[in-house]
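A.B. asks: Got a structure here, written out as structure tokens. Questions coming.
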Amino acid sequence: MKLLTATLLAVSCLLPLQQANAKPIEIKFSHVVAENTPKGQMALKFKELAEARLPGKVDVKVYPNSQLFTDATVLQALQLGDVEIAAPALSKFQKYNPALQVFDLPFLFKDMDAVDRFQHSPQGVALLSSMNDKLLVGLGYLHNGMKQLSSNDPIRVPADIAGKKFRIMTSDVLQAQYEAVHAIPLKKPFAEVFTLLQTRAIDGQESPWSNTYASKFFEVQKYVTETDHGVLDYLVVTSAEFWFGLPEDLRDTLKQCMDEAIAYGNQIAAKQDLADRQSILDSGKTQILTLNPGERQQWIDAMKPVWKMFEDQIGSDLLDAAIQSNH
Ligand code: SIN
């Protein structure tokens, strides 16, 4: 908190200078996925709204596809003031707040409505500001979708994945999830996934349909197993130094633009999930495997023990609130 207070004090001394300067405030928005994804579209909508409502006052520059920072470096870049907005997957915040690992637990949320209910619960809302003391301010959650497994081999039951290398995000929960089924998880930045798949350095990966489609993973994978075993959502995040250093009226308008852009991105996420699944199917390059209830139950039985391993780090109250969101 001391760091935050000192930063805000320092920033408030700079304000008159900033106001006297007529140049628009540059807002760099860095992300790692393609423009034709829910996050890519949300970022462009934010730019459109912010520049229309604050003409001449802000200049929003969106950098997709890890052009500016990768997911391995963007949060530190935010803290250092090298970028103003990012929207990393929730799995990438574990070292800033381990409680956010709740979103990675396998088979915790039954669908995206349950994820949405949890994010809007008092406990979910409190997580947004839980990293302010680390200079990371959550502006809102953005949906992508439930994750599926893609692979070079047909995967139906946990025994099929044993010994196979799967790329994961930098999450210890995801690592434990794969170890629970005797697979080999590898933590790698998103920007490397296509090449790792193409060169067969790894056997598979997990993503929602939109990422598997937009990043063309399906072109180098023969199968996608429809597991819906976890969620991939985002935290739209800014830096405390930038955000609290803005004049209040400008900050309020930008927050309104962000809320609207997120609502827009969420609508796209819901539609695109099915559309991208269909496009992958239509491509004829990848076969989609669906699980029968008995096969799905095998995955649940194998992976659910991971919850207990992380309960202390996440907190049992938070875990209970997430479980309740399914009802
Ligand atoms: C993203 O959608 O931002 C990337 C997610 C991943 O790293 O798999």
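Starting from 1 in every chain, residues are counted up; chains themselves are A, B, ... following the order of the structure tokens, and ligands are numbered from 1 as listed.
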Please, which residues have at least one atom within 10 Å of an atom of ligand 1, using only C-alpha atoms and all ligand atoms, listed as number ranges by chain?
C.D. replies: A: 31-34, 37-40, 64-66, 70-72, 86-92, 143-145, 147, 167-170, 187-193, 205-208, 210-212, 215, 232-235
A.B. asks: Which residues in stretch 80-269 of chain A does DSSP call strand (DSSP E)? List them as a CSV table (one decimal) with N, CA, C and O atoms, in the first residue's frame.
C.D. replies:
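This is the output file part_23.csv:
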```
chain,number,residue,atom,x,y,z
A,85,ILE,N,-2.4,-0.5,-21.0
A,85,ILE,CA,-3.5,-1.5,-20.8
A,85,ILE,C,-3.1,-2.8,-21.4
A,85,ILE,O,-2.4,-2.9,-22.5
A,86,ALA,N,-3.5,-3.9,-20.7
A,86,ALA,CA,-3.3,-5.3,-21.3
A,86,ALA,C,-4.5,-6.1,-20.8
A,86,ALA,O,-5.3,-5.6,-20.0
A,136,LEU,N,-1.1,-3.0,-10.2
A,136,LEU,CA,-2.0,-3.6,-11.3
A,136,LEU,C,-3.4,-3.4,-10.9
A,136,LEU,O,-3.9,-4.0,-9.9
A,137,VAL,N,-4.1,-2.6,-11.7
A,137,VAL,CA,-5.5,-2.3,-11.4
A,137,VAL,C,-6.5,-3.0,-12.4
A,137,VAL,O,-6.4,-2.8,-13.6
A,138,GLY,N,-7.3,-3.9,-11.9
A,138,GLY,CA,-8.2,-4.6,-12.7
A,138,GLY,C,-9.4,-3.7,-13.1
A,138,GLY,O,-10.1,-3.1,-12.3
A,139,LEU,N,-9.6,-3.6,-14.4
A,139,LEU,CA,-10.7,-2.8,-14.9
A,139,LEU,C,-12.0,-3.6,-15.2
A,139,LEU,O,-13.1,-3.1,-15.3
A,140,GLY,N,-11.8,-4.9,-15.4
A,140,GLY,CA,-13.0,-5.8,-15.6
A,140,GLY,C,-12.5,-7.1,-16.2
A,140,GLY,O,-11.4,-7.3,-16.6
A,141,TYR,N,-13.5,-8.1,-16.1
A,141,TYR,CA,-13.2,-9.4,-16.7
A,141,TYR,C,-13.7,-9.4,-18.1
A,141,TYR,O,-14.8,-8.8,-18.4
A,142,LEU,N,-13.0,-10.1,-19.0
A,142,LEU,CA,-13.5,-10.3,-20.4
A,142,LEU,C,-13.6,-11.8,-20.6
A,142,LEU,O,-12.6,-12.6,-20.3
A,143,HIS,N,-14.7,-12.3,-21.3
A,143,HIS,CA,-14.8,-13.7,-21.6
A,143,HIS,C,-14.0,-14.1,-22.8
A,143,HIS,O,-13.9,-13.3,-23.8
A,144,ASN,N,-13.5,-15.3,-22.9
A,144,ASN,CA,-13.2,-16.0,-24.1
A,144,ASN,C,-14.1,-17.2,-24.2
A,144,ASN,O,-15.1,-17.2,-24.8
A,145,GLY,N,-13.7,-18.3,-23.4
A,145,GLY,CA,-14.6,-19.4,-23.4
A,145,GLY,C,-14.0,-20.6,-22.7
A,145,GLY,O,-12.9,-20.5,-22.1
A,146,MET,N,-14.7,-21.7,-22.8
A,146,MET,CA,-14.2,-23.0,-22.2
A,146,MET,C,-13.1,-23.6,-23.1
A,146,MET,O,-13.2,-23.5,-24.3
A,148,GLN,N,-10.7,-26.5,-24.8
A,148,GLN,CA,-10.7,-27.8,-25.4
A,148,GLN,C,-9.3,-28.3,-25.6
A,148,GLN,O,-8.4,-27.4,-25.7
A,149,LEU,N,-9.0,-29.6,-25.7
A,149,LEU,CA,-7.7,-30.1,-26.0
A,149,LEU,C,-7.5,-30.4,-27.4
A,149,LEU,O,-8.3,-31.1,-28.1
A,150,SER,N,-6.4,-29.9,-28.0
A,150,SER,CA,-6.1,-30.3,-29.4
A,150,SER,C,-4.8,-31.1,-29.4
A,150,SER,O,-4.0,-31.0,-28.5
A,151,SER,N,-4.7,-32.1,-30.3
A,151,SER,CA,-3.6,-33.0,-30.3
A,151,SER,C,-3.4,-33.6,-31.7
A,151,SER,O,-4.2,-33.6,-32.5
A,165,LYS,N,3.4,-34.3,-24.5
A,165,LYS,CA,3.8,-33.0,-24.1
A,165,LYS,C,2.7,-32.0,-24.5
A,165,LYS,O,2.3,-31.9,-25.7
A,166,PHE,N,2.2,-31.2,-23.5
A,166,PHE,CA,1.2,-30.2,-23.8
A,166,PHE,C,1.7,-28.9,-23.4
A,166,PHE,O,2.2,-28.7,-22.3
A,167,ARG,N,1.5,-27.9,-24.2
A,167,ARG,CA,1.8,-26.5,-23.8
A,167,ARG,C,0.7,-26.0,-22.9
A,167,ARG,O,-0.5,-26.2,-23.1
A,168,ILE,N,1.2,-25.3,-21.8
A,168,ILE,CA,0.3,-24.7,-20.9
A,168,ILE,C,0.7,-23.2,-20.6
A,168,ILE,O,1.9,-22.9,-20.9
A,184,ILE,N,2.9,-34.4,-19.9
A,184,ILE,CA,4.0,-33.6,-19.6
A,184,ILE,C,3.7,-32.1,-20.0
A,184,ILE,O,3.7,-31.8,-21.2
A,185,PRO,N,3.4,-31.3,-19.0
A,185,PRO,CA,3.1,-29.9,-19.3
A,185,PRO,C,4.3,-29.0,-19.5
A,185,PRO,O,5.3,-29.1,-18.8
A,186,LEU,N,4.2,-28.1,-20.5
A,186,LEU,CA,5.4,-27.2,-20.7
A,186,LEU,C,4.8,-25.8,-20.7
A,186,LEU,O,4.0,-25.4,-21.5
A,187,LYS,N,5.4,-24.9,-19.8
A,187,LYS,CA,4.9,-23.5,-19.7
A,187,LYS,C,5.6,-22.7,-20.8
A,187,LYS,O,6.8,-22.6,-20.8
A,204,GLY,N,0.4,-31.3,-28.1
A,204,GLY,CA,-0.9,-30.6,-28.1
A,204,GLY,C,-1.0,-29.4,-27.3
A,204,GLY,O,0.1,-29.0,-26.7
A,205,GLN,N,-2.1,-28.9,-27.1
A,205,GLN,CA,-2.3,-27.6,-26.4
A,205,GLN,C,-3.8,-27.5,-26.0
A,205,GLN,O,-4.6,-28.3,-26.5
A,206,GLU,N,-4.1,-26.6,-25.1
A,206,GLU,CA,-5.5,-26.4,-24.7
A,206,GLU,C,-5.9,-24.9,-24.9
A,206,GLU,O,-5.1,-24.0,-24.5
A,207,SER,N,-7.0,-24.7,-25.5
A,207,SER,CA,-7.5,-23.3,-25.8
A,207,SER,C,-9.0,-23.4,-26.0
A,207,SER,O,-9.5,-24.4,-26.4
A,223,TYR,N,-6.7,-33.5,-34.2
A,223,TYR,CA,-7.9,-33.7,-33.4
A,223,TYR,C,-8.1,-32.6,-32.4
A,223,TYR,O,-7.1,-32.0,-31.9
A,224,VAL,N,-9.4,-32.2,-32.2
A,224,VAL,CA,-9.7,-31.4,-31.0
A,224,VAL,C,-10.7,-32.2,-30.2
A,224,VAL,O,-11.7,-32.6,-30.7
A,225,THR,N,-10.4,-32.5,-28.9
A,225,THR,CA,-11.4,-33.2,-28.0
A,225,THR,C,-12.1,-32.1,-27.3
A,225,THR,O,-11.6,-31.3,-26.6
A,226,GLU,N,-13.5,-32.2,-27.4
A,226,GLU,CA,-14.3,-31.2,-26.8
A,226,GLU,C,-14.5,-31.6,-25.3
A,226,GLU,O,-15.4,-32.3,-24.9
A,231,VAL,N,-11.8,-22.9,-17.9
A,231,VAL,CA,-12.1,-21.6,-18.6
A,231,VAL,C,-10.9,-20.8,-19.0
A,231,VAL,O,-9.9,-20.9,-18.3
A,232,LEU,N,-11.0,-20.1,-20.1
A,232,LEU,CA,-9.9,-19.1,-20.4
A,232,LEU,C,-10.6,-17.8,-20.5
A,232,LEU,O,-11.3,-17.5,-21.5
A,233,ASP,N,-10.5,-17.0,-19.5
A,233,ASP,CA,-11.0,-15.6,-19.5
A,233,ASP,C,-9.8,-14.7,-19.2
A,233,ASP,O,-8.7,-15.1,-18.9
A,234,TYR,N,-10.2,-13.4,-19.3
A,234,TYR,CA,-9.1,-12.3,-19.1
A,234,TYR,C,-9.4,-11.4,-18.0
A,234,TYR,O,-10.6,-11.1,-17.7
A,235,LEU,N,-8.3,-10.8,-17.5
A,235,LEU,CA,-8.4,-9.6,-16.7
A,235,LEU,C,-7.9,-8.4,-17.4
A,235,LEU,O,-6.7,-8.4,-17.8
A,236,VAL,N,-8.8,-7.4,-17.7
A,236,VAL,CA,-8.3,-6.2,-18.3
A,236,VAL,C,-7.7,-5.4,-17.2
A,236,VAL,O,-8.3,-5.1,-16.2
A,237,VAL,N,-6.4,-5.0,-17.5
A,237,VAL,CA,-5.6,-4.5,-16.4
A,237,VAL,C,-4.9,-3.2,-16.8
A,237,VAL,O,-4.5,-3.1,-18.0
A,238,THR,N,-4.7,-2.3,-15.9
A,238,THR,CA,-4.0,-1.1,-16.2
A,238,THR,C,-3.0,-0.8,-15.1
A,238,THR,O,-3.0,-1.6,-14.1
A,239,SER,N,-2.1,0.2,-15.2
A,239,SER,CA,-1.2,0.4,-14.1
A,239,SER,C,-1.7,1.5,-13.2
A,239,SER,O,-2.4,2.5,-13.7
```
A.B. asks: Please report, as a VMD selection string, each residue of stretch 173-290 of chain A to which DSSP assigns helix (DSSP H, G or I) when run on this structure's backbone.
C.D. replies: chain A and resid 173 to 179 190 to 198 209 to 214 217 to 220 240 to 244 248 to 283
A.B. asks: What's the 12 Å shell around A:Gln297, counting only C-alpha atoms, without same-chain residues fewer than 2 positions away, as a VMD selection string?
C.D. replies: chain A and resid 107 156 to 158 227 229 291 to 295 299 to 304
A.B. asks: Grab the residues selected above and save them as a PDB file, in the first residue's frame with C-alpha atoms.
C.D. replies:
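Output (selection_29.pdb):
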```pdb
ATOM      1  CA  PHE A 107     -14.049 -28.877 -14.055  1.00  0.00           C
ATOM      2  CA  ARG A 156     -10.770 -39.616 -25.421  1.00  0.00           C
ATOM      3  CA  VAL A 157      -9.767 -40.748 -21.948  1.00  0.00           C
ATOM      4  CA  PRO A 158      -6.942 -39.736 -19.576  1.00  0.00           C
ATOM      5  CA  THR A 227     -13.619 -31.411 -23.027  1.00  0.00           C
ATOM      6  CA  HIS A 229     -12.508 -28.842 -18.823  1.00  0.00           C
ATOM      7  CA  LEU A 291     -16.903 -37.365 -25.090  1.00  0.00           C
ATOM      8  CA  ASN A 292     -19.637 -39.641 -23.818  1.00  0.00           C
ATOM      9  CA  PRO A 293     -20.612 -39.187 -20.113  1.00  0.00           C
ATOM     10  CA  GLY A 294     -18.440 -42.122 -19.003  1.00  0.00           C
ATOM     11  CA  GLU A 295     -15.346 -40.744 -20.783  1.00  0.00           C
ATOM     12  CA  TRP A 299     -11.316 -36.828 -16.728  1.00  0.00           C
ATOM     13  CA  ILE A 300     -13.222 -35.360 -13.796  1.00  0.00           C
ATOM     14  CA  ASP A 301     -12.165 -38.179 -11.477  1.00  0.00           C
ATOM     15  CA  ALA A 302      -8.518 -37.831 -12.515  1.00  0.00           C
ATOM     16  CA  MET A 303      -8.285 -34.034 -12.394  1.00  0.00           C
ATOM     17  CA  LYS A 304     -10.564 -32.941  -9.569  1.00  0.00           C
TER      18      LYS A 304
END
```
A.B. asks: Could you check how far atom CA of A:Lys57 sits from atom CA of A:Ile25, in Å to one decimal?
C.D. replies: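 One can read the atom CA of A:Lys57 to atom CA of A:Ile25 distance as 6.1 Å.
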A.B. asks: Record the distance separating atom CA of A:Thr253 and atom CA of A:Asn132, expressed in Å with one decimal.
C.D. replies: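 Separation between atom CA of A:Thr253 and atom CA of A:Asn132: 20.4 Å.
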A.B. asks: Extract, using only C-alpha atoms, all DNA, RNA and protein residues at most 9 Å from A:Lys285, discarding same-chain residues fewer than 6 positions from it, and format them as an MDAnalysis selection string.
C.D. replies: chainID A and resid 218:223
A.B. asks: If you measure from atom CA of A:Trp209 to atom CA of A:Ile262, what distance in Å do you get, rounded to one decimal?
C.D. replies: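 Here the two named atoms are 19.0 Å from each other.
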A.B. asks: With only C-alpha atoms as the basis for distance, which of A:Phe194, A:Tyr96, A:Tyr213, A:Phe109 is at the shortest distance from A:Ser279?
C.D. replies: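 Looking at the shortest contact to A:Ser279, the residue is A:Tyr213.
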A.B. asks: Fewer than 3 positions away in the same chain doesn't count, so skip those; otherwise give me all residues within 12 Å of A:Glu48, counting only C-alpha atoms, as a ChimeraX atom specification.
C.D. replies: /A:41-45,51-55,58-62,254,257-258,260-261
A.B. asks: At a cut-off of 8 Å, using only C-alpha atoms, what residues contact A:Ala162? Leave out same-chain residues fewer than 6 positions from it and give the result as a list in words.
C.D. replies: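 Once the nearby chain positions are removed, what remains is Val181, His182, Ala183 and Ile184 of chain A.
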A.B. asks: Filtering to C-alpha atoms, could you give me those residues as a short mmCIF file (atom, residue, chain, number, x, y, z; two decimals), in the first residue's frame?
C.D. replies:
```
data_model
loop_
_atom_site.label_atom_id
_atom_site.label_comp_id
_atom_site.auth_asym_id
_atom_site.auth_seq_id
_atom_site.Cartn_x
_atom_site.Cartn_y
_atom_site.Cartn_z
CA VAL A 181 -3.18 -37.53 -16.03
CA HIS A 182 0.55 -38.33 -16.44
CA ALA A 183 1.05 -35.93 -19.33
CA ILE A 184 4.04 -33.56 -19.61
#
```
